[in-house]
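**Q** What follows is model30.txt, compact mmCIF, C-alpha atoms and all ligand atoms.
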```txt
# COMPACT_ATOMS: atom_id res chain seq x y z
CA MET A 1 -36.93 -5.69 0.18
CA ILE A 2 -33.48 -7.25 0.36
CA LYS A 3 -30.92 -4.54 1.09
CA ALA A 4 -27.22 -4.53 0.26
CA ASN A 5 -24.48 -4.03 2.84
CA LYS A 6 -24.12 -0.27 2.44
CA HIS A 7 -20.45 -0.36 3.44
CA TYR A 8 -19.52 -2.16 0.20
CA SER A 9 -20.43 0.98 -1.71
CA LYS A 10 -17.52 2.78 -0.02
CA LEU A 11 -15.01 0.40 -1.62
CA ASN A 12 -13.19 0.98 -4.87
CA ALA A 13 -15.09 -0.79 -7.65
CA SER A 14 -12.72 -3.75 -7.75
CA TYR A 15 -9.95 -5.31 -5.69
CA LEU A 16 -6.49 -3.99 -6.66
CA PHE A 17 -5.19 -7.21 -8.17
CA SER A 18 -8.46 -7.93 -10.02
CA ASP A 19 -8.31 -4.44 -11.50
CA ILE A 20 -4.73 -4.99 -12.68
CA ALA A 21 -5.60 -8.44 -14.07
CA LYS A 22 -8.44 -6.88 -16.11
CA ARG A 23 -6.17 -4.17 -17.54
CA VAL A 24 -3.52 -6.75 -18.43
CA ALA A 25 -6.09 -9.09 -20.03
CA LYS A 26 -7.46 -6.23 -22.14
CA PHE A 27 -3.97 -5.24 -23.27
CA GLN A 28 -3.16 -8.86 -24.14
CA SER A 29 -6.32 -9.31 -26.15
CA ASP A 30 -5.61 -6.06 -28.06
CA ASN A 31 -1.96 -7.12 -28.56
CA PRO A 32 -1.98 -10.91 -28.88
CA ASP A 33 1.60 -11.05 -30.22
CA ILE A 34 3.24 -9.40 -27.22
CA LYS A 35 4.71 -11.73 -24.64
CA ILE A 36 3.70 -10.13 -21.35
CA ILE A 37 5.99 -10.66 -18.35
CA ARG A 38 4.11 -10.57 -15.05
CA LEU A 39 5.95 -9.07 -12.12
CA GLY A 40 2.76 -7.70 -10.60
CA ILE A 41 0.82 -9.91 -8.19
CA GLY A 42 3.12 -12.00 -6.01
CA ASP A 43 2.19 -15.31 -7.58
CA VAL A 44 4.77 -18.08 -7.61
CA THR A 45 5.77 -19.77 -10.85
CA ARG A 46 7.93 -22.72 -9.78
CA ALA A 47 6.62 -26.24 -9.20
CA LEU A 48 5.86 -27.51 -5.71
CA PRO A 49 8.93 -29.00 -4.01
CA ASP A 50 9.36 -32.77 -4.55
CA ALA A 51 8.84 -33.45 -0.85
CA CYS A 52 5.42 -31.75 -1.00
CA ILE A 53 4.42 -33.67 -4.12
CA LYS A 54 5.27 -36.92 -2.33
CA GLY A 55 3.22 -35.81 0.69
CA PHE A 56 0.34 -34.91 -1.61
CA GLU A 57 0.52 -38.27 -3.40
CA GLN A 58 0.56 -40.13 -0.13
CA GLY A 59 -2.50 -38.17 1.01
CA VAL A 60 -4.34 -38.92 -2.24
CA ALA A 61 -3.39 -42.61 -2.04
CA GLU A 62 -4.86 -42.78 1.47
CA MET A 63 -8.09 -41.19 0.22
CA ALA A 64 -8.33 -43.96 -2.40
CA LYS A 65 -8.80 -46.77 0.15
CA ASP A 66 -11.68 -47.26 2.60
CA ALA A 67 -9.25 -48.24 5.33
CA THR A 68 -7.34 -44.96 5.22
CA PHE A 69 -9.98 -42.64 3.77
CA LYS A 70 -10.58 -39.35 5.66
CA GLY A 71 -13.89 -37.51 5.88
CA TYR A 72 -14.23 -34.24 7.77
CA GLY A 73 -10.98 -33.43 9.51
CA PRO A 74 -10.47 -31.26 12.57
CA GLU A 75 -11.37 -27.65 11.58
CA GLN A 76 -8.16 -26.39 13.18
CA GLY A 77 -5.94 -28.78 11.22
CA TYR A 78 -4.58 -32.28 11.76
CA PRO A 79 -2.32 -32.67 14.81
CA PHE A 80 0.53 -34.03 12.61
CA LEU A 81 0.78 -30.64 10.88
CA ARG A 82 0.13 -28.42 13.91
CA GLU A 83 2.84 -30.24 15.86
CA LYS A 84 5.44 -29.75 13.11
CA ILE A 85 4.56 -26.08 12.71
CA ALA A 86 4.87 -25.42 16.45
CA LYS A 87 8.20 -27.26 16.64
CA PHE A 88 9.98 -25.96 13.54
CA ASP A 89 8.52 -22.49 13.00
CA PHE A 90 8.37 -21.38 16.63
CA GLN A 91 9.96 -23.58 19.30
CA ALA A 92 13.15 -23.88 17.22
CA ARG A 93 13.38 -20.07 17.35
CA GLY A 94 12.79 -19.90 21.10
CA ALA A 95 9.13 -18.94 20.76
CA ASP A 96 7.02 -21.02 23.07
CA ILE A 97 4.02 -21.73 20.84
CA ALA A 98 1.99 -24.92 21.41
CA PRO A 99 0.38 -27.01 18.63
CA ASP A 100 -3.12 -26.17 19.85
CA GLU A 101 -2.39 -22.46 19.37
CA ILE A 102 -1.99 -23.07 15.61
CA PHE A 103 -5.06 -22.89 13.37
CA VAL A 104 -4.40 -24.36 9.93
CA SER A 105 -6.36 -22.66 7.16
CA ASP A 106 -6.59 -22.17 3.43
CA GLY A 107 -4.30 -19.15 3.52
CA ALA A 108 -3.32 -15.88 5.11
CA LYS A 109 -5.51 -13.73 2.86
CA CYS A 110 -8.67 -15.38 4.23
CA ASP A 111 -7.44 -15.33 7.82
CA THR A 112 -6.25 -11.70 7.80
CA GLY A 113 -9.57 -10.81 6.19
CA ASN A 114 -11.77 -12.85 8.51
CA PHE A 115 -10.07 -12.13 11.81
CA GLN A 116 -11.60 -8.65 12.19
CA GLU A 117 -14.99 -10.32 12.75
CA LEU A 118 -13.97 -11.02 16.34
CA PHE A 119 -13.85 -7.35 17.26
CA SER A 120 -16.48 -4.79 18.10
CA PRO A 121 -17.60 -2.59 15.16
CA ASP A 122 -16.49 0.55 16.99
CA ILE A 123 -12.81 -0.23 17.58
CA LYS A 124 -10.16 2.18 16.33
CA ILE A 125 -7.80 0.65 13.80
CA ALA A 126 -4.26 1.61 12.84
CA ILE A 127 -3.24 0.59 9.34
CA PRO A 128 0.09 1.31 7.67
CA ASP A 129 0.08 3.18 4.36
CA PRO A 130 1.05 1.67 1.92
CA VAL A 131 -0.58 -1.63 2.89
CA TYR A 132 -1.77 -5.00 1.59
CA PRO A 133 -5.35 -3.96 0.67
CA VAL A 134 -7.09 -6.88 2.41
CA TYR A 135 -6.64 -5.44 5.93
CA LEU A 136 -8.30 -2.19 4.99
CA ASP A 137 -10.99 -3.45 2.60
CA THR A 138 -12.31 -6.06 5.05
CA ASN A 139 -12.70 -3.43 7.75
CA VAL A 140 -14.49 -1.18 5.27
CA MET A 141 -16.87 -4.07 4.48
CA ALA A 142 -17.48 -4.52 8.22
CA GLY A 143 -18.49 -0.88 8.57
CA ARG A 144 -15.54 0.29 10.63
CA THR A 145 -14.77 3.28 8.43
CA GLY A 146 -16.46 6.36 7.15
CA LYS A 147 -16.40 7.50 3.55
CA TYR A 148 -13.45 7.40 1.17
CA LYS A 149 -12.12 10.93 0.64
CA ASP A 150 -8.91 12.05 -1.03
CA GLY A 151 -7.48 8.54 -1.05
CA ARG A 152 -8.32 7.69 2.57
CA TYR A 153 -11.19 6.35 4.66
CA ASP A 154 -12.50 8.44 7.52
CA GLY A 155 -12.09 6.81 10.90
CA ILE A 156 -8.86 4.91 10.17
CA VAL A 157 -5.59 5.89 11.83
CA TYR A 158 -3.10 5.69 8.97
CA LEU A 159 0.52 4.99 9.81
CA ASP A 160 2.53 6.65 7.05
CA CYS A 161 5.48 4.61 5.84
CA THR A 162 7.56 6.98 3.77
CA LYS A 163 11.15 7.45 2.73
CA GLU A 164 11.55 9.79 5.73
CA SER A 165 10.52 7.01 8.15
CA ASN A 166 12.59 4.35 6.33
CA PHE A 167 9.23 2.91 5.32
CA LEU A 168 8.55 1.87 8.91
CA PRO A 169 5.36 2.89 10.71
CA LYS A 170 5.64 5.12 13.78
CA LEU A 171 3.63 4.45 16.95
CA PRO A 172 0.19 6.07 16.63
CA GLU A 173 -0.28 9.50 18.14
CA THR A 174 -3.95 8.91 18.96
CA PRO A 175 -5.27 5.84 20.86
CA VAL A 176 -5.98 2.74 18.78
CA ASP A 177 -7.28 -0.74 19.61
CA LEU A 178 -6.08 -2.82 16.69
CA ILE A 179 -2.82 -2.54 14.76
CA TYR A 180 -1.94 -4.29 11.51
CA LEU A 181 1.76 -4.93 10.89
CA CYS A 182 3.38 -6.94 8.09
CA PHE A 183 7.09 -7.87 8.01
CA PRO A 184 8.89 -8.51 5.72
CA ASN A 185 6.54 -5.91 4.36
CA ASN A 186 4.14 -6.20 1.52
CA PRO A 187 4.38 -4.00 -0.53
CA THR A 188 7.64 -2.23 0.39
CA GLY A 189 9.81 -5.28 1.14
CA THR A 190 11.21 -3.59 4.25
CA THR A 191 11.97 -5.50 7.44
CA ILE A 192 11.77 -4.71 11.13
CA SER A 193 14.42 -5.27 13.80
CA LYS A 194 13.67 -6.94 17.12
CA ALA A 195 14.19 -3.62 18.93
CA GLU A 196 11.66 -1.82 16.69
CA LEU A 197 9.15 -4.63 16.95
CA LYS A 198 9.50 -4.61 20.74
CA LYS A 199 8.28 -1.00 20.74
CA TRP A 200 5.01 -2.18 19.18
CA VAL A 201 4.61 -5.06 21.60
CA ASP A 202 5.25 -2.74 24.56
CA TYR A 203 2.82 -0.19 23.15
CA ALA A 204 0.11 -2.85 22.74
CA LYS A 205 0.65 -4.08 26.29
CA GLU A 206 0.48 -0.60 27.76
CA THR A 207 -2.65 0.39 25.85
CA LYS A 208 -4.47 -3.00 25.82
CA ALA A 209 -4.36 -2.98 22.03
CA LEU A 210 -3.90 -6.02 19.80
CA ILE A 211 -1.40 -6.52 16.96
CA LEU A 212 -2.30 -8.55 13.89
CA PHE A 213 1.14 -9.52 12.58
CA ASP A 214 1.34 -10.81 9.02
CA ALA A 215 4.53 -12.82 8.54
CA ALA A 216 3.61 -14.37 5.18
CA TYR A 217 7.06 -13.52 3.77
CA GLU A 218 9.28 -14.67 6.65
CA ALA A 219 10.85 -17.43 4.53
CA PHE A 220 12.70 -14.73 2.57
CA ILE A 221 14.58 -13.39 5.60
CA ARG A 222 18.30 -14.01 5.19
CA ASP A 223 19.62 -11.55 7.80
CA ASN A 224 20.12 -13.59 10.97
CA ASP A 225 19.37 -10.66 13.27
CA LEU A 226 15.84 -10.15 11.99
CA PRO A 227 12.85 -11.72 13.75
CA HIS A 228 10.89 -14.33 11.77
CA SER A 229 8.02 -14.23 14.23
CA ILE A 230 6.60 -11.61 16.57
CA TYR A 231 6.74 -14.26 19.30
CA GLU A 232 10.51 -13.89 19.34
CA ILE A 233 9.71 -10.66 21.23
CA GLU A 234 9.08 -11.02 24.94
CA GLY A 235 5.46 -10.47 25.92
CA ALA A 236 4.11 -10.75 22.37
CA LYS A 237 2.00 -13.80 23.18
CA GLU A 238 -0.27 -11.58 25.27
CA VAL A 239 -0.93 -9.03 22.55
CA ALA A 240 -0.33 -10.49 19.09
CA VAL A 241 -1.84 -12.86 16.57
CA GLU A 242 0.43 -14.04 13.74
CA PHE A 243 -0.52 -15.06 10.21
CA ARG A 244 1.64 -17.35 8.12
CA SER A 245 1.28 -18.70 4.63
CA PHE A 246 2.76 -21.60 2.68
CA SER A 247 1.94 -19.73 -0.54
CA LYS A 248 5.25 -17.97 -0.95
CA THR A 249 7.22 -20.25 1.37
CA ALA A 250 6.56 -23.42 -0.58
CA GLY A 251 4.72 -22.43 -3.74
CA PHE A 252 1.20 -23.04 -2.38
CA THR A 253 -0.63 -20.09 -3.99
CA GLY A 254 -2.76 -22.55 -5.97
CA THR A 255 -2.65 -25.34 -3.39
CA ARG A 256 -3.96 -23.14 -0.53
CA CYS A 257 -2.64 -23.66 2.97
CA GLY A 258 -1.46 -21.38 5.74
CA TYR A 259 -2.08 -20.92 9.42
CA THR A 260 -2.81 -18.42 12.15
CA VAL A 261 -1.32 -18.46 15.63
CA VAL A 262 -3.63 -17.36 18.43
CA PRO A 263 -1.85 -17.78 21.77
CA LYS A 264 -3.96 -18.78 24.76
CA GLU A 265 -2.62 -15.84 26.79
CA CYS A 266 -3.94 -13.38 24.25
CA MET A 267 -6.95 -11.57 25.71
CA ILE A 268 -9.35 -8.97 24.43
CA PHE A 269 -12.06 -7.27 26.50
CA ASP A 270 -15.84 -7.13 26.75
CA GLU A 271 -17.94 -3.98 27.25
CA ASP A 272 -17.23 -4.06 30.99
CA GLY A 273 -13.49 -4.52 30.58
CA ASN A 274 -13.53 -8.25 31.47
CA LYS A 275 -11.04 -10.46 29.67
CA VAL A 276 -12.22 -12.54 26.72
CA SER A 277 -10.05 -15.32 25.28
CA LEU A 278 -9.22 -14.57 21.66
CA HIS A 279 -8.19 -18.20 21.18
CA ALA A 280 -11.67 -19.35 22.25
CA LEU A 281 -13.34 -16.83 19.92
CA TRP A 282 -11.27 -17.84 16.88
CA GLN A 283 -11.84 -21.52 17.66
CA ARG A 284 -15.59 -20.82 17.80
CA ARG A 285 -15.50 -18.84 14.58
CA GLN A 286 -13.51 -21.39 12.65
CA SER A 287 -15.52 -24.38 13.84
CA THR A 288 -18.71 -22.62 12.73
CA LYS A 289 -17.58 -21.18 9.41
CA PHE A 290 -14.65 -23.30 8.26
CA ASN A 291 -14.30 -27.00 7.66
CA GLY A 292 -10.57 -27.44 7.48
CA VAL A 293 -8.03 -27.82 4.70
CA SER A 294 -8.15 -30.99 2.61
CA TYR A 295 -6.16 -33.94 3.92
CA PRO A 296 -3.80 -34.29 0.91
CA VAL A 297 -2.98 -30.57 1.11
CA GLN A 298 -2.13 -30.89 4.80
CA LYS A 299 0.07 -33.91 3.99
CA ALA A 300 1.84 -31.78 1.37
CA ALA A 301 2.28 -28.99 3.92
CA GLU A 302 3.61 -31.39 6.54
CA ALA A 303 6.32 -32.47 4.07
CA ILE A 304 7.74 -28.93 4.14
CA TYR A 305 9.09 -29.78 7.59
CA SER A 306 10.84 -33.01 6.59
CA GLU A 307 14.61 -32.84 6.17
CA GLU A 308 14.41 -32.79 2.37
CA GLY A 309 11.41 -30.44 2.46
CA ARG A 310 13.28 -27.87 4.52
CA ILE A 311 16.21 -27.91 2.08
CA GLN A 312 13.89 -27.64 -0.92
CA ILE A 313 11.87 -24.69 0.37
CA GLN A 314 15.05 -22.86 1.32
CA ALA A 315 16.25 -23.32 -2.27
CA LEU A 316 12.90 -22.15 -3.62
CA ALA A 317 13.00 -18.88 -1.67
CA SER A 318 16.66 -18.40 -2.64
CA TYR A 319 15.75 -18.75 -6.32
CA TYR A 320 13.26 -15.88 -6.05
CA LEU A 321 15.70 -13.86 -3.93
CA LYS A 322 18.25 -14.16 -6.73
CA ASN A 323 15.62 -12.71 -9.07
CA ALA A 324 15.13 -9.90 -6.56
CA GLU A 325 18.87 -9.25 -6.60
CA LEU A 326 18.82 -8.96 -10.40
CA ILE A 327 15.94 -6.50 -10.21
CA ARG A 328 17.77 -4.45 -7.56
CA LEU A 329 20.90 -4.40 -9.72
CA ALA A 330 18.99 -3.32 -12.83
CA MET A 331 17.17 -0.59 -10.92
CA SER A 332 20.33 0.83 -9.44
CA GLU A 333 22.01 0.81 -12.85
CA LEU A 334 19.05 2.77 -14.17
CA GLY A 335 19.45 5.26 -11.31
CA PHE A 336 16.26 4.49 -9.41
CA GLU A 337 15.97 4.57 -5.63
CA PHE A 338 14.35 1.50 -4.11
CA VAL A 339 13.98 -0.58 -0.95
CA GLY A 340 13.27 -4.27 -0.37
CA GLY A 341 14.34 -7.32 -2.30
CA ASP A 342 17.09 -8.38 0.11
CA ASN A 343 14.98 -10.14 2.74
CA SER A 344 11.83 -10.04 0.71
CA PRO A 345 10.53 -10.88 -2.78
CA TYR A 346 9.24 -7.33 -3.36
CA ILE A 347 11.17 -4.29 -4.55
CA TRP A 348 9.60 -0.89 -3.93
CA ILE A 349 10.78 1.59 -6.51
CA ASP A 350 10.55 5.37 -6.40
CA GLY A 351 9.31 6.41 -9.85
CA ASN A 352 11.31 9.64 -9.87
CA GLY A 353 8.27 11.89 -10.01
CA ARG A 354 6.12 9.61 -12.18
CA ASP A 355 2.52 8.89 -11.20
CA SER A 356 2.20 5.21 -10.13
CA TRP A 357 -0.56 4.27 -12.58
CA GLU A 358 1.14 6.13 -15.45
CA PHE A 359 4.34 4.24 -14.68
CA PHE A 360 2.37 0.99 -14.64
CA ASP A 361 0.68 1.81 -17.97
CA MET A 362 3.96 2.83 -19.57
CA LEU A 363 5.68 -0.44 -18.60
CA LEU A 364 2.71 -2.49 -19.76
CA THR A 365 2.06 -0.76 -23.05
CA LYS A 366 5.64 0.02 -24.09
CA VAL A 367 7.47 -3.12 -23.01
CA GLY A 368 4.82 -5.61 -21.87
CA VAL A 369 6.01 -5.77 -18.25
CA VAL A 370 3.44 -5.86 -15.44
CA CYS A 371 4.24 -4.29 -12.08
CA THR A 372 1.91 -3.12 -9.31
CA PRO A 373 1.26 0.63 -9.02
CA GLY A 374 2.20 1.80 -5.54
CA ALA A 375 -0.87 4.04 -5.29
CA GLY A 376 -3.00 0.88 -5.24
CA PHE A 377 -1.59 0.18 -1.77
CA GLY A 378 -2.48 3.60 -0.36
CA LYS A 379 -1.86 7.30 -0.61
CA CYS A 380 1.78 7.01 0.52
CA GLY A 381 2.38 4.57 -2.34
CA GLN A 382 1.75 7.27 -4.94
CA GLY A 383 4.85 7.77 -7.05
CA TYR A 384 6.09 4.21 -6.44
CA ILE A 385 5.75 0.88 -8.18
CA ARG A 386 6.23 -2.59 -6.70
CA ILE A 387 8.09 -5.24 -8.67
CA SER A 388 7.66 -8.84 -7.63
CA ALA A 389 10.51 -11.34 -7.96
CA PHE A 390 8.13 -14.24 -8.51
CA ASN A 391 8.82 -15.39 -12.03
CA SER A 392 11.37 -17.49 -13.90
CA ARG A 393 14.98 -16.26 -14.08
CA GLU A 394 14.68 -15.91 -17.87
CA ASN A 395 11.57 -13.75 -17.61
CA VAL A 396 13.06 -11.53 -14.91
CA GLU A 397 16.22 -11.07 -16.99
CA GLU A 398 14.19 -10.26 -20.07
CA ALA A 399 11.93 -7.87 -18.14
CA MET A 400 14.98 -5.98 -16.86
CA VAL A 401 16.38 -5.64 -20.41
CA ARG A 402 13.00 -4.39 -21.63
CA MET A 403 12.66 -1.93 -18.75
CA GLY A 404 16.18 -0.71 -19.43
CA GLU A 405 15.15 0.13 -23.01
CA VAL A 406 12.30 2.34 -21.90
CA LEU A 407 13.77 3.83 -18.73
CA LYS A 408 17.32 4.68 -19.80
C1 LIG B 501 0.50 -9.64 -3.50
O1 LIG B 501 0.89 -9.61 -4.66
O2 LIG B 501 0.47 -8.65 -2.77
C2 LIG B 501 0.05 -10.95 -2.96
O3 LIG B 501 0.26 -11.95 -3.86
C3 LIG B 501 -1.36 -10.93 -2.65
C4 LIG B 501 -1.74 -12.10 -1.84
O4 LIG B 501 -0.91 -12.86 -1.34
O5 LIG B 501 -2.95 -12.24 -1.65
```
Rewrite the structure of this file - the entire thing - as structure tokens.
**A**
Amino acid sequence: MIKANKHYSKLNASYLFSDIAKRVAKFQSDNPDIKIIRLGIGDVTRALPDACIKGFEQGVAEMAKDATFKGYGPEQGYPFLREKIAKFDFQARGADIAPDEIFVSDGAKCDTGNFQELFSPDIKIAIPDPVYPVYLDTNVMAGRTGKYKDGRYDGIVYLDCTKESNFLPKLPETPVDLIYLCFPNNPTGTTISKAELKKWVDYAKETKALILFDAAYEAFIRDNDLPHSIYEIEGAKEVAVEFRSFSKTAGFTGTRCGYTVVPKECMIFDEDGNKVSLHALWQRRQSTKFNGVSYPVQKAAEAIYSEEGRIQIQALASYYLKNAELIRLAMSELGFEFVGGDNSPYIWIDGNGRDSWEFFDMLLTKVGVVCTPGAGFGKCGQGYIRISAFNSRENVEEAMVRMGEVLK
């Protein structure tokens, strides 16, 4: 008899964003005349930058001729892209990352989800609350948690990120082996200073723990003092893996490309406490289970690092940041407390005593605006909603007028 993975039964019936999409689709089909404005899932709406389109076209043109056609590429990505990433995203910021420490992939969601495979089933995990659900759900699937009770899984060390802690996690009070961090944060939009991040790196070094650092939203950082990469912190190469995505940086949500940095110094341990190279394990995993990103997509990604590409992606992020500013302004005029939206495309809004899902339903049904209920990101998200700045200026302006009508 074929048996199901019993750990899947511990999960909520559907993934947060699929659940929201279903509710929105149902509302739209019941109310076909309402123009829904989607500020829920962080999905970009603007076209790919010109530089990327040119890179794409060049890649496609090469695939059209026998002489330049490409079959299987290197699973870890073509050197032309890995070299640019290492140079512009890390070395230019004083972080000594080499091209062969970069693993190009089809996005940060897959990598953050897959990476936990490299660890023993019995490790202790620290996960912030609220959190991007992928970190938690993939560990549930892998059997690293107990049952779901009162909004939390047994066996996980939750790091509460509340108003009282400025939405930053505090160092765990009980020992942990793996720590997930995300900055600029999804969902709260908060950022971390170098000094705060150093505390985590020092903690991981002292306790032989590992940090999985999700920097998918670094392109939205405008404050020059904030770190874009954990490798700007001394010693981080020994204890941290970093995930990056071109999805939000360059509009690649539908194009699919990102990368993971696994430094060669980064070690984990076997049963007897001997060092094991994490770089070698990820290389082994990827070459077995992944066949690389398509050549035209990697050409499009490479173009991000050209002179025109860098200007264009900066402008793209600034466009969404302007939307975020409009959302912040509207929310403060309406008297709501919020964080995020200054170095991040997400604004985390305190619902003033409203239940998250009720707030979500009210905005959807009364004014046709989609947000994300904070409770979907964890127990500490209850009472909050997340508004995403990824939409056209016109739609964001209209959504703010509509929200004003119902929230005044
Ligand atoms: C989000 O809305 O949190 C993100 O778009 C999800 C993702 O990037 O997978």
**Q** Report, in Å with one decimal, the straight-line distance from atom CA of Tyr346 of chain A to atom CA of Ala324 of chain A.
**A**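 Going from atom CA of Tyr346 of chain A over to atom CA of Ala324 of chain A covers 7.2 Å.
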**Q** As an exercise, work out the distance from atom CA of Gly71 of chain A to atom CA of Thr255 of chain A in Å and give it to one decimal place.
**A** 19.0 Å
**Q** Set out as JSON lines a contact list for chain A and ligand LIG 501 (chain B) with a cut-off of 7 Å, giving each residue of chain A that qualifies its closest atom pair and distance in Å to one decimal, counting only C-alpha atoms and all ligand atoms, ordered by chain and rising residue number.
**A**
```
{"residue": "A:Gly40", "atom": "CA", "partner": "B:LIG501", "partner_atom": "O1", "distance": 6.5}
{"residue": "A:Ile41", "atom": "CA", "partner": "B:LIG501", "partner_atom": "O1", "distance": 3.5}
{"residue": "A:Gly42", "atom": "CA", "partner": "B:LIG501", "partner_atom": "O1", "distance": 3.5}
{"residue": "A:Asp43", "atom": "CA", "partner": "B:LIG501", "partner_atom": "O3", "distance": 5.4}
{"residue": "A:Lys109", "atom": "CA", "partner": "B:LIG501", "partner_atom": "O5", "distance": 5.4}
{"residue": "A:Tyr132", "atom": "CA", "partner": "B:LIG501", "partner_atom": "O2", "distance": 6.1}
{"residue": "A:Asn186", "atom": "CA", "partner": "B:LIG501", "partner_atom": "O2", "distance": 6.2}
{"residue": "A:Pro187", "atom": "CA", "partner": "B:LIG501", "partner_atom": "O2", "distance": 6.5}
```
**Q** What gap, in Å, lies between atom CA of Val60 of chain A and atom CA of Thr288 of chain A?
**A**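 According to the coordinates, atom CA of Val60 of chain A and atom CA of Thr288 of chain A are separated by 26.4 Å.
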**Q** Identify, on the basis of all atoms listed in the file, every residue whose closest approach to Asp342 of chain A does not exceed 10 Å; exclude the query and any residue fewer than 2 positions from it along the same chain; express the result as an NGL selection string.
**A** :A and (184 or 189-191 or 220-223 or 321-322 or 324-325 or 328 or 339-340 or 344-347)
**Q** Pick from A:Ala64, A:Ala303, A:Leu197, A:Ala21: nearest to Ile85 of chain A, with only C-alpha atoms counted?
**A**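 Counting only C-alpha atoms, the residue closest to Ile85 of chain A is A:Ala303.
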**Q** Excluding same-chain residues fewer than 3 positions from segment 398-400 of chain A, what lies within 8 Å of it counting only C-alpha atoms, as a list in words?
**A**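 Final neighbour list, sorted by chain and number: Ile37, Ile327, Ala330, Val369, Glu394, Asn395, Met403 and Gly404 of chain A.
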**Q** Residues at most 7 Å from Thr249 of chain A, counting all atoms listed in the file, excluding those fewer than 2 positions away in the same chain, as a PyMOL selection string?
**A** chain A and resi 219+245-247+251+313+317
**Q** When you look at Trp348 of chain A with a cut-off of 12 Å (counting all atoms listed in the file), what residues show up, excluding the ones that are within fewer than 4 positions of it in the same chain? I need them as a VMD selection string.
**A** chain A and resid 40 130 161 to 163 166 to 167 185 to 190 324 327 to 328 331 336 to 342 344 356 371 to 375 377 380 to 389
**Q** Using only C-alpha atoms, which of the listed residues (A:Asp19, A:Glu75, A:Asp96, A:Glu218) sits closest to Glu232 of chain A?
**A** A:Asp96
